[in-house]
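**Q** Next comes my_file20.pdb, PDB, C-alpha atoms:
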MODEL        1
ATOM      1  CA  MET F   4      57.355 237.424  66.052  1.00  0.00           C
ATOM      2  CA  SER F   5      59.842 238.611  68.702  1.00  0.00           C
ATOM      3  CA  ILE F   6      62.787 236.480  69.811  1.00  0.00           C
ATOM      4  CA  PHE F   7      61.414 236.459  73.380  1.00  0.00           C
ATOM      5  CA  PHE F   8      58.016 235.163  72.288  1.00  0.00           C
ATOM      6  CA  PHE F   9      59.675 232.567  70.032  1.00  0.00           C
ATOM      7  CA  ASN F  10      61.874 231.330  72.900  1.00  0.00           C
ATOM      8  CA  GLN F  11      58.809 230.990  75.128  1.00  0.00           C
ATOM      9  CA  LYS F  12      56.941 228.940  72.525  1.00  0.00           C
ATOM     10  CA  ILE F  13      59.753 226.437  71.888  1.00  0.00           C
ATOM     11  CA  PRO F  14      59.967 225.034  75.485  1.00  0.00           C
ATOM     12  CA  LYS F  15      56.174 224.682  75.671  1.00  0.00           C
ATOM     13  CA  LEU F  16      56.099 222.894  72.335  1.00  0.00           C
ATOM     14  CA  PHE F  17      59.024 220.711  73.428  1.00  0.00           C
ATOM     15  CA  THR F  18      57.233 219.812  76.665  1.00  0.00           C
ATOM     16  CA  LYS F  19      54.014 218.864  74.877  1.00  0.00           C
ATOM     17  CA  LEU F  20      55.960 216.830  72.326  1.00  0.00           C
ATOM     18  CA  SER F  21      57.962 214.978  74.991  1.00  0.00           C
ATOM     19  CA  VAL F  22      54.868 214.116  77.028  1.00  0.00           C
ATOM     20  CA  ALA F  23      52.977 212.984  73.926  1.00  0.00           C
ATOM     21  CA  THR F  24      55.964 210.907  72.809  1.00  0.00           C
ATOM     22  CA  ALA F  25      56.286 209.214  76.190  1.00  0.00           C
ATOM     23  CA  LYS F  26      52.561 208.458  76.280  1.00  0.00           C
ATOM     24  CA  THR F  27      52.709 207.018  72.763  1.00  0.00           C
ATOM     25  CA  ALA F  28      55.693 204.825  73.619  1.00  0.00           C
ATOM     26  CA  PHE F  29      54.084 203.500  76.793  1.00  0.00           C
ATOM     27  CA  SER F  30      50.843 202.839  74.894  1.00  0.00           C
ATOM     28  CA  LEU F  31      52.673 200.925  72.164  1.00  0.00           C
ATOM     29  CA  ILE F  32      54.575 198.840  74.715  1.00  0.00           C
ATOM     30  CA  LEU F  33      51.331 198.030  76.535  1.00  0.00           C
ATOM     31  CA  LEU F  34      49.697 197.143  73.222  1.00  0.00           C
ATOM     32  CA  PHE F  35      52.576 194.835  72.283  1.00  0.00           C
ATOM     33  CA  LYS F  36      52.443 193.146  75.689  1.00  0.00           C
ATOM     34  CA  ILE F  37      48.708 192.585  75.403  1.00  0.00           C
ATOM     35  CA  ASP F  38      49.084 191.320  71.837  1.00  0.00           C
ATOM     36  CA  SER F  39      51.870 188.868  72.758  1.00  0.00           C
ATOM     37  CA  ALA F  40      49.842 187.638  75.730  1.00  0.00           C
ATOM     38  CA  GLN F  41      46.771 186.889  73.652  1.00  0.00           C
ATOM     39  CA  ALA F  42      46.525 183.114  73.289  1.00  0.00           C
ATOM     40  CA  PHE F  43      44.645 181.132  70.709  1.00  0.00           C
ATOM     41  CA  ALA F  44      42.891 177.907  71.590  1.00  0.00           C
ATOM     42  CA  ALA F  45      41.620 175.282  69.194  1.00  0.00           C
ATOM     43  CA  LYS F  46      40.170 171.808  69.588  1.00  0.00           C
ATOM     44  CA  PHE F  47      40.066 169.138  66.890  1.00  0.00           C
ATOM     45  CA  ASN F  48      38.537 165.676  66.801  1.00  0.00           C
ATOM     46  CA  ILE F  49      40.969 162.826  66.202  1.00  0.00           C
ATOM     47  CA  ASP F  50      39.936 159.618  64.452  1.00  0.00           C
ATOM     48  CA  PRO F  51      41.389 156.834  66.666  1.00  0.00           C
ATOM     49  CA  SER F  52      41.219 154.369  63.770  1.00  0.00           C
ATOM     50  CA  ALA F  53      43.621 156.494  61.681  1.00  0.00           C
ATOM     51  CA  SER F  54      47.352 155.927  61.991  1.00  0.00           C
ATOM     52  CA  ILE F  55      50.733 157.535  61.384  1.00  0.00           C
ATOM     53  CA  ILE F  56      52.598 154.228  61.842  1.00  0.00           C
ATOM     54  CA  SER F  57      52.417 150.861  60.108  1.00  0.00           C
ATOM     55  CA  SER F  58      50.135 148.404  61.897  1.00  0.00           C
ATOM     56  CA  TYR F  59      48.813 144.867  61.741  1.00  0.00           C
ATOM     57  CA  THR F  60      45.476 145.931  60.291  1.00  0.00           C
ATOM     58  CA  PHE F  61      44.432 148.358  57.587  1.00  0.00           C
ATOM     59  CA  SER F  62      43.643 151.847  58.848  1.00  0.00           C
ATOM     60  CA  PRO F  63      43.036 155.209  57.198  1.00  0.00           C
ATOM     61  CA  ASP F  64      45.865 157.724  57.136  1.00  0.00           C
ATOM     62  CA  SER F  65      46.083 160.368  59.827  1.00  0.00           C
ATOM     63  CA  VAL F  66      45.524 163.850  58.425  1.00  0.00           C
ATOM     64  CA  PRO F  67      48.315 166.296  59.351  1.00  0.00           C
ATOM     65  CA  PHE F  68      47.572 169.750  60.717  1.00  0.00           C
ATOM     66  CA  SER F  69      49.110 172.687  58.877  1.00  0.00           C
ATOM     67  CA  LEU F  70      50.933 174.888  61.391  1.00  0.00           C
ATOM     68  CA  THR F  71      50.695 177.822  58.989  1.00  0.00           C
ATOM     69  CA  ASP F  72      46.909 177.516  58.830  1.00  0.00           C
ATOM     70  CA  LEU F  73      46.822 177.505  62.635  1.00  0.00           C
ATOM     71  CA  GLY F  74      49.009 180.614  62.807  1.00  0.00           C
ATOM     72  CA  ILE F  75      51.831 178.688  64.501  1.00  0.00           C
ATOM     73  CA  ASN F  76      55.456 179.428  63.603  1.00  0.00           C
ATOM     74  CA  SER F  77      58.813 177.800  64.228  1.00  0.00           C
ATOM     75  CA  GLY F  78      59.974 178.650  67.728  1.00  0.00           C
ATOM     76  CA  ASP F  79      56.460 179.120  69.126  1.00  0.00           C
ATOM     77  CA  THR F  80      55.640 177.222  72.304  1.00  0.00           C
ATOM     78  CA  ILE F  81      52.304 175.414  72.376  1.00  0.00           C
ATOM     79  CA  LYS F  82      50.421 173.134  74.730  1.00  0.00           C
ATOM     80  CA  LEU F  83      48.837 169.950  73.383  1.00  0.00           C
ATOM     81  CA  GLU F  84      46.163 168.230  75.458  1.00  0.00           C
ATOM     82  CA  ARG F  85      44.015 165.156  74.909  1.00  0.00           C
ATOM     83  CA  PHE F  86      40.253 165.179  75.437  1.00  0.00           C
ATOM     84  CA  GLY F  87      37.888 162.215  75.560  1.00  0.00           C
ATOM     85  CA  SER F  88      38.701 158.552  74.993  1.00  0.00           C
ATOM     86  CA  PHE F  89      38.012 155.573  72.744  1.00  0.00           C
ATOM     87  CA  SER F  90      37.710 151.807  72.892  1.00  0.00           C
ATOM     88  CA  PRO F  91      40.757 149.906  71.576  1.00  0.00           C
ATOM     89  CA  PHE F  92      38.661 146.729  71.223  1.00  0.00           C
ATOM     90  CA  GLY F  93      35.658 147.939  69.238  1.00  0.00           C
ATOM     91  CA  ASP F  94      33.339 148.133  72.256  1.00  0.00           C
ATOM     92  CA  PRO F  95      31.370 151.425  72.257  1.00  0.00           C
ATOM     93  CA  THR F  96      30.206 150.724  75.818  1.00  0.00           C
ATOM     94  CA  ASP F  97      33.763 150.676  77.158  1.00  0.00           C
ATOM     95  CA  GLU F  98      35.627 153.683  75.775  1.00  0.00           C
ATOM     96  CA  TYR F  99      38.343 154.141  78.366  1.00  0.00           C
ATOM     97  CA  PHE F 100      41.597 154.437  76.407  1.00  0.00           C
ATOM     98  CA  GLY F 101      43.160 157.819  75.685  1.00  0.00           C
ATOM     99  CA  ALA F 102      46.793 157.404  74.646  1.00  0.00           C
ATOM    100  CA  MET F 103      47.781 159.956  71.983  1.00  0.00           C
ATOM    101  CA  TRP F 104      51.047 160.775  70.263  1.00  0.00           C
ATOM    102  CA  ALA F 105      52.363 163.213  67.671  1.00  0.00           C
ATOM    103  CA  THR F 106      55.306 164.136  65.488  1.00  0.00           C
ATOM    104  CA  PHE F 107      56.312 167.332  63.688  1.00  0.00           C
ATOM    105  CA  SER F 108      57.233 167.225  60.008  1.00  0.00           C
ATOM    106  CA  ILE F 109      58.721 169.502  57.380  1.00  0.00           C
ATOM    107  CA  ASP F 110      55.908 168.484  54.989  1.00  0.00           C
ATOM    108  CA  ASN F 111      52.583 166.632  54.908  1.00  0.00           C
ATOM    109  CA  LYS F 112      53.922 163.465  53.288  1.00  0.00           C
ATOM    110  CA  LEU F 113      52.707 160.181  54.818  1.00  0.00           C
ATOM    111  CA  LEU F 114      53.921 156.998  53.131  1.00  0.00           C
ATOM    112  CA  PRO F 115      51.664 153.921  52.755  1.00  0.00           C
ATOM    113  CA  SER F 116      51.521 151.448  55.623  1.00  0.00           C
ATOM    114  CA  SER F 117      53.647 148.329  55.230  1.00  0.00           C
ATOM    115  CA  GLY F 118      50.854 146.228  56.743  1.00  0.00           C
ATOM    116  CA  THR F 119      53.208 145.056  59.465  1.00  0.00           C
ATOM    117  CA  TYR F 120      53.663 146.551  62.906  1.00  0.00           C
ATOM    118  CA  ASN F 121      57.302 147.598  63.255  1.00  0.00           C
ATOM    119  CA  GLY F 122      56.923 149.493  66.489  1.00  0.00           C
ATOM    120  CA  ALA F 123      56.264 153.186  67.041  1.00  0.00           C
ATOM    121  CA  THR F 124      58.486 154.524  64.265  1.00  0.00           C
ATOM    122  CA  THR F 125      58.382 157.440  61.838  1.00  0.00           C
ATOM    123  CA  ASP F 126      59.096 155.241  58.809  1.00  0.00           C
ATOM    124  CA  ARG F 127      55.903 156.554  57.213  1.00  0.00           C
ATOM    125  CA  VAL F 128      56.771 160.209  57.950  1.00  0.00           C
ATOM    126  CA  PRO F 129      60.016 160.922  56.051  1.00  0.00           C
ATOM    127  CA  GLY F 130      59.972 164.584  57.057  1.00  0.00           C
ATOM    128  CA  ALA F 131      59.669 163.922  60.801  1.00  0.00           C
ATOM    129  CA  ILE F 132      61.788 166.137  63.055  1.00  0.00           C
ATOM    130  CA  ASN F 133      62.356 166.154  66.791  1.00  0.00           C
ATOM    131  CA  ALA F 134      60.194 168.302  69.013  1.00  0.00           C
ATOM    132  CA  ILE F 135      61.643 170.423  71.805  1.00  0.00           C
ATOM    133  CA  LEU F 136      60.086 169.973  75.237  1.00  0.00           C
ATOM    134  CA  PRO F 137      61.223 172.991  77.307  1.00  0.00           C
ATOM    135  CA  ASN F 138      60.279 171.297  80.592  1.00  0.00           C
ATOM    136  CA  GLY F 139      61.926 168.017  79.643  1.00  0.00           C
ATOM    137  CA  CYS F 140      60.368 164.654  78.839  1.00  0.00           C
ATOM    138  CA  LEU F 141      58.392 162.637  81.348  1.00  0.00           C
ATOM    139  CA  PRO F 142      59.310 158.929  81.616  1.00  0.00           C
ATOM    140  CA  PHE F 143      58.471 157.157  78.323  1.00  0.00           C
ATOM    141  CA  GLN F 144      57.072 160.381  76.827  1.00  0.00           C
ATOM    142  CA  CYS F 145      59.715 160.995  74.162  1.00  0.00           C
ATOM    143  CA  LEU F 146      60.653 158.187  71.808  1.00  0.00           C
ATOM    144  CA  ASN F 147      63.950 158.049  69.940  1.00  0.00           C
ATOM    145  CA  ASN F 148      62.389 158.684  66.538  1.00  0.00           C
ATOM    146  CA  SER F 149      60.726 162.130  66.760  1.00  0.00           C
ATOM    147  CA  ILE F 150      57.450 160.755  68.171  1.00  0.00           C
ATOM    148  CA  PHE F 151      56.331 162.111  71.533  1.00  0.00           C
ATOM    149  CA  TYR F 152      53.297 161.291  73.647  1.00  0.00           C
ATOM    150  CA  ILE F 153      50.653 163.916  74.309  1.00  0.00           C
ATOM    151  CA  SER F 154      48.964 161.604  76.793  1.00  0.00           C
ATOM    152  CA  ARG F 155      49.429 158.186  78.345  1.00  0.00           C
ATOM    153  CA  VAL F 156      47.856 156.387  81.275  1.00  0.00           C
ATOM    154  CA  ASP F 157      49.941 158.369  83.764  1.00  0.00           C
ATOM    155  CA  PHE F 158      49.835 161.884  82.254  1.00  0.00           C
ATOM    156  CA  ASN F 159      47.934 164.139  79.880  1.00  0.00           C
ATOM    157  CA  GLY F 160      49.354 167.209  78.180  1.00  0.00           C
ATOM    158  CA  ALA F 161      52.631 168.236  76.582  1.00  0.00           C
ATOM    159  CA  ILE F 162      54.241 171.656  76.278  1.00  0.00           C
ATOM    160  CA  VAL F 163      56.418 171.717  73.174  1.00  0.00           C
ATOM    161  CA  GLN F 164      58.403 174.241  71.182  1.00  0.00           C
ATOM    162  CA  VAL F 165      57.852 174.032  67.449  1.00  0.00           C
ATOM    163  CA  PRO F 166      61.180 173.024  65.854  1.00  0.00           C
ATOM    164  CA  ILE F 167      62.806 174.994  63.052  1.00  0.00           C
ATOM    165  CA  ASP F 168      61.454 174.077  59.584  1.00  0.00           C
ATOM    166  CA  ALA F 169      58.370 172.312  61.017  1.00  0.00           C
ATOM    167  CA  LYS F 170      55.338 173.001  58.820  1.00  0.00           C
ATOM    168  CA  PHE F 171      52.951 170.219  59.875  1.00  0.00           C
ATOM    169  CA  ILE F 172      52.123 168.107  62.900  1.00  0.00           C
ATOM    170  CA  PHE F 173      50.722 164.572  62.758  1.00  0.00           C
ATOM    171  CA  ILE F 174      48.543 163.624  65.744  1.00  0.00           C
ATOM    172  CA  GLY F 175      46.940 160.237  66.298  1.00  0.00           C
ATOM    173  CA  ALA F 176      45.880 157.566  68.750  1.00  0.00           C
ATOM    174  CA  ALA F 177      48.825 155.672  70.231  1.00  0.00           C
ATOM    175  CA  ASP F 178      48.234 152.005  69.459  1.00  0.00           C
ATOM    176  CA  SER F 179      49.554 149.053  67.452  1.00  0.00           C
ATOM    177  CA  SER F 180      46.272 147.991  65.832  1.00  0.00           C
ATOM    178  CA  PHE F 181      43.817 150.672  64.730  1.00  0.00           C
ATOM    179  CA  ALA F 182      40.975 149.127  62.733  1.00  0.00           C
ATOM    180  CA  ASP F 183      39.023 148.157  65.857  1.00  0.00           C
ATOM    181  CA  ASN F 184      39.367 151.515  67.618  1.00  0.00           C
ATOM    182  CA  VAL F 185      35.941 153.048  68.249  1.00  0.00           C
ATOM    183  CA  ASP F 186      34.939 156.521  69.423  1.00  0.00           C
ATOM    184  CA  SER F 187      31.149 156.351  69.346  1.00  0.00           C
ATOM    185  CA  ASN F 188      30.493 159.739  70.959  1.00  0.00           C
ATOM    186  CA  LYS F 189      33.216 161.536  68.958  1.00  0.00           C
ATOM    187  CA  ASP F 190      34.855 163.073  72.023  1.00  0.00           C
ATOM    188  CA  PHE F 191      38.428 161.927  71.342  1.00  0.00           C
ATOM    189  CA  ALA F 192      40.152 165.193  70.479  1.00  0.00           C
ATOM    190  CA  VAL F 193      43.281 167.287  70.831  1.00  0.00           C
ATOM    191  CA  GLY F 194      43.433 170.802  72.221  1.00  0.00           C
ATOM    192  CA  ILE F 195      46.101 173.141  70.843  1.00  0.00           C
ATOM    193  CA  ASN F 196      46.832 176.267  72.873  1.00  0.00           C
ATOM    194  CA  SER F 197      49.520 178.896  72.398  1.00  0.00           C
ATOM    195  CA  VAL F 198      51.849 179.464  75.340  1.00  0.00           C
ATOM    196  CA  SER F 199      54.243 181.989  73.812  1.00  0.00           C
ATOM    197  CA  THR F 200      55.271 183.190  70.374  1.00  0.00           C
ATOM    198  CA  ALA F 201      58.756 183.465  68.962  1.00  0.00           C
ATOM    199  CA  SER F 202      57.977 186.537  66.840  1.00  0.00           C
ATOM    200  CA  VAL F 203      57.905 189.834  68.723  1.00  0.00           C
ATOM    201  CA  PRO F 204      56.944 193.189  67.134  1.00  0.00           C
ATOM    202  CA  GLU F 205      59.954 195.302  66.193  1.00  0.00           C
ATOM    203  CA  PRO F 206      61.172 196.724  69.532  1.00  0.00           C
ATOM    204  CA  ASN F 207      63.786 199.195  68.232  1.00  0.00           C
ATOM    205  CA  PHE F 208      61.350 201.890  67.166  1.00  0.00           C
ATOM    206  CA  VAL F 209      59.378 201.678  70.404  1.00  0.00           C
ATOM    207  CA  SER F 210      62.564 201.695  72.504  1.00  0.00           C
ATOM    208  CA  ALA F 211      63.877 204.763  70.693  1.00  0.00           C
ATOM    209  CA  LEU F 212      60.525 206.485  71.056  1.00  0.00           C
ATOM    210  CA  LEU F 213      60.405 205.724  74.765  1.00  0.00           C
ATOM    211  CA  ALA F 214      64.011 206.865  75.276  1.00  0.00           C
ATOM    212  CA  PHE F 215      63.283 210.172  73.554  1.00  0.00           C
ATOM    213  CA  GLY F 216      60.159 210.702  75.623  1.00  0.00           C
ATOM    214  CA  VAL F 217      61.931 209.932  78.911  1.00  0.00           C
ATOM    215  CA  CYS F 218      64.973 212.102  78.106  1.00  0.00           C
ATOM    216  CA  ALA F 219      62.853 214.980  76.878  1.00  0.00           C
ATOM    217  CA  THR F 220      60.626 214.824  79.942  1.00  0.00           C
ATOM    218  CA  GLY F 221      63.698 214.665  82.209  1.00  0.00           C
ATOM    219  CA  LEU F 222      65.294 217.697  80.564  1.00  0.00           C
ATOM    220  CA  GLN F 223      62.071 219.635  80.893  1.00  0.00           C
ATOM    221  CA  PHE F 224      61.876 218.679  84.588  1.00  0.00           C
ATOM    222  CA  LEU F 225      65.437 219.971  85.185  1.00  0.00           C
ATOM    223  CA  ARG F 226      64.635 223.207  83.374  1.00  0.00           C
ATOM    224  CA  ASN F 227      61.583 223.723  85.589  1.00  0.00           C
ATOM    225  CA  GLN F 228      63.700 223.031  88.692  1.00  0.00           C
ATOM    226  CA  LYS F 229      66.177 225.725  87.666  1.00  0.00           C
ATOM    227  CA  LYS F 230      63.315 228.171  87.211  1.00  0.00           C
ATOM    228  CA  ALA F 231      62.080 227.404  90.717  1.00  0.00           C
ATOM    229  CA  LEU F 232      65.536 228.202  92.124  1.00  0.00           C
TER     230      LEU F 232
ENDMDL
END
Hey, can you dump this file as structure tokens for me?

**A**
Amino acid sequence: MSIFFFNQKIPKLFTKLSVATAKTAFSLILLFKIDSAQAFAAKFNIDPSASIISSYTFSPDSVPFSLTDLGINSGDTIKLERFGSFSPFGDPTDEYFGAMWATFSIDNKLLPSSGTYNGATTDRVPGAINAILPNGCLPFQCLNNSIFYISRVDFNGAIVQVPIDAKFIFIGAADSSFADNVDSNKDFAVGINSVSTASVPEPNFVSALLAFGVCATGLQFLRNQKKAL
């Protein structure tokens, strides 16, 4: 192979490689953007007679949701929304109440109820940790003990950032007495939707790939300009 022919092949190969590299980098960036924008949505029924606090009457324990099972990580931002309603007085013909609250926890431990209502406290949830509300708390939405309201009479929905070390979230009806809470049509539920994720695919490789593609394409463009002159 002559030196002249070899020198002609190298620029062509370099051009093809630079264009292919740039295309690959742009494709990967687009893929990562699409992947990070994909949101999950889930809806779960909530038993309004179950409780995460101590109350006047006996009630079953609220079952915590595993964030790991839901694919939610510390630092992720999620939206919680209440659906449906229940009767706080045992009347299935008058299910109008929809207050709902929640608390994050480092584990799924829920201590037994004391049988006495001591207010909306996390005494039964020893691993409770404070949530982060990026948009701030509405009036009376955030309590001073890691409990926050998902819905009350005057609002419905909470955007929260999952705190560091949170592994579970307890969600339940907001009330002081739970045994007479009735949801006859089973529509009292919580919706959990992802807003953004804290984990982003490794950007260094893609950035380097894109930089190489752009530089290589630019150098090839300058070389072609010199030829034209």

**Q** I'd like the contact shell of range 190-193 of chain F - 8 Å cut-off, only C-alpha atoms, skipping same-chain residues fewer than 6 positions apart - returned as a ChimeraX atom specification.

**A** /F:46-51,83-89,101

**Q** Enter the distance from CA of Asp157 in chain F to CA of Ala102 in chain F, in Å, rounded to one decimal.

**A**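 Interatomic distance, CA of Asp157 in chain F to CA of Ala102 in chain F: 9.7 Å.
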
**Q** Have a look at F:Ser57, F:Gly93, F:Val163, F:Arg155 and name the one nearest to Phe143 in chain F; count only C-alpha atoms.

**A**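 Of F:Ser57, F:Gly93, F:Val163, F:Arg155, the one nearest Phe143 in chain F is F:Arg155, counting only C-alpha atoms.
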
**Q** Would you kindly translate the PyMOL selection byres ((chain F and resi 113) around 7) into the concrete residues it picks from this file, as a PDB file with C-alpha atoms, keeping the file's coordinate frame?

**A**
ATOM      1  CA  ASN F 111      52.583 166.632  54.908  1.00  0.00           C
ATOM      2  CA  LYS F 112      53.922 163.465  53.288  1.00  0.00           C
ATOM      3  CA  LEU F 114      53.921 156.998  53.131  1.00  0.00           C
ATOM      4  CA  PRO F 115      51.664 153.921  52.755  1.00  0.00           C
ATOM      5  CA  ARG F 127      55.903 156.554  57.213  1.00  0.00           C
ATOM      6  CA  VAL F 128      56.771 160.209  57.950  1.00  0.00           C
TER       7      VAL F 128
END

**Q** Enclose all atoms of range 174-192 of chain F listed in the file in an axis-aligned box, grow every side by 5 Å, and hand back centre and edge lengths in Å to one decimal, as JSON.

**A**
{"center_x": 40.0, "center_y": 156.6, "center_z": 67.4, "size_x": 29.1, "size_y": 27.2, "size_z": 19.3}

**Q** Give me, please, the distance in Å between CA of Leu146 in chain F and CA of Glu98 in chain F, quoted to one decimal.

**A**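 Calculated distance between CA of Leu146 in chain F and CA of Glu98 in chain F is 25.7 Å.
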
**Q** For the file shown, what are the residues hit by the PyMOL selection byres ((chain F and resi 124) around 7), laid out as a ChimeraX atom specification?

**A** /F:56,122-123,125-126,148

**Q** Quick one: which residues end up in the PyMOL selection byres ((chain F and resi 68) around 9) for this structure, as a list in words?

**A**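 Applying the PyMOL selection byres ((chain F and resi 68) around 9) to the structure shown produces Val66, Pro67, Ser69, Leu70, Thr71, Asp72, Leu73, Asn111, Lys170, Phe171, Ile172, Phe173 and Ile174 of chain F.
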
**Q** Can I get the selected residues back with C-alpha atoms, as a compact mmCIF listing (two decimals), in the frame of the given file?

**A**
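Dumped everything to result.txt:
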# COMPACT_ATOMS: atom_id res chain seq x y z
CA VAL F 66 45.52 163.85 58.42
CA PRO F 67 48.32 166.30 59.35
CA SER F 69 49.11 172.69 58.88
CA LEU F 70 50.93 174.89 61.39
CA THR F 71 50.70 177.82 58.99
CA ASP F 72 46.91 177.52 58.83
CA LEU F 73 46.82 177.50 62.64
CA ASN F 111 52.58 166.63 54.91
CA LYS F 170 55.34 173.00 58.82
CA PHE F 171 52.95 170.22 59.88
CA ILE F 172 52.12 168.11 62.90
CA PHE F 173 50.72 164.57 62.76
CA ILE F 174 48.54 163.62 65.74

**Q** For a test of reading the model, state the distance in Å between CA of Ser52 in chain F and CA of Val185 in chain F, rounded to one decimal.

**A** 7.0 Å

**Q** Go through F:Tyr59, F:Gly194, F:Val156, F:Asp178 and flag the residue nearest Tyr99 in chain F, using all atoms listed in the file for the distances.

**A**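 Looking at the shortest contact to Tyr99 in chain F, the residue is F:Val156.
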
**Q** Considering all atoms listed in the file, return as a ChimeraX atom specification whatever protein or nucleic-acid residues lie within 8 Å of range 195-200 of chain F, sequence-local ones (same chain, fewer than 6 positions apart) excluded.

**A** /F:39-40,42-46,76,78-84

**Q** Using C-alpha atoms, can you export the residues from the last selection as a PDB file, in the frame of the given file?

**A**
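Done, and the output landed in selection_0.pdb:
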ATOM      1  CA  SER F  39      51.870 188.868  72.758  1.00  0.00           C
ATOM      2  CA  ALA F  40      49.842 187.638  75.730  1.00  0.00           C
ATOM      3  CA  ALA F  42      46.525 183.114  73.289  1.00  0.00           C
ATOM      4  CA  PHE F  43      44.645 181.132  70.709  1.00  0.00           C
ATOM      5  CA  ALA F  44      42.891 177.907  71.590  1.00  0.00           C
ATOM      6  CA  ALA F  45      41.620 175.282  69.194  1.00  0.00           C
ATOM      7  CA  LYS F  46      40.170 171.808  69.588  1.00  0.00           C
ATOM      8  CA  ASN F  76      55.456 179.428  63.603  1.00  0.00           C
ATOM      9  CA  GLY F  78      59.974 178.650  67.728  1.00  0.00           C
ATOM     10  CA  ASP F  79      56.460 179.120  69.126  1.00  0.00           C
ATOM     11  CA  THR F  80      55.640 177.222  72.304  1.00  0.00           C
ATOM     12  CA  ILE F  81      52.304 175.414  72.376  1.00  0.00           C
ATOM     13  CA  LYS F  82      50.421 173.134  74.730  1.00  0.00           C
ATOM     14  CA  LEU F  83      48.837 169.950  73.383  1.00  0.00           C
ATOM     15  CA  GLU F  84      46.163 168.230  75.458  1.00  0.00           C
TER      16      GLU F  84
END

**Q** So which residues are close to (41.3, 155.0, 63.6), meaning at most 9 Å away in the file's coordinates with only C-alpha atoms counted, and can you show them as a VMD selection string?

**A** chain F and resid 49 to 54 62 to 65 175 to 176 180 to 186
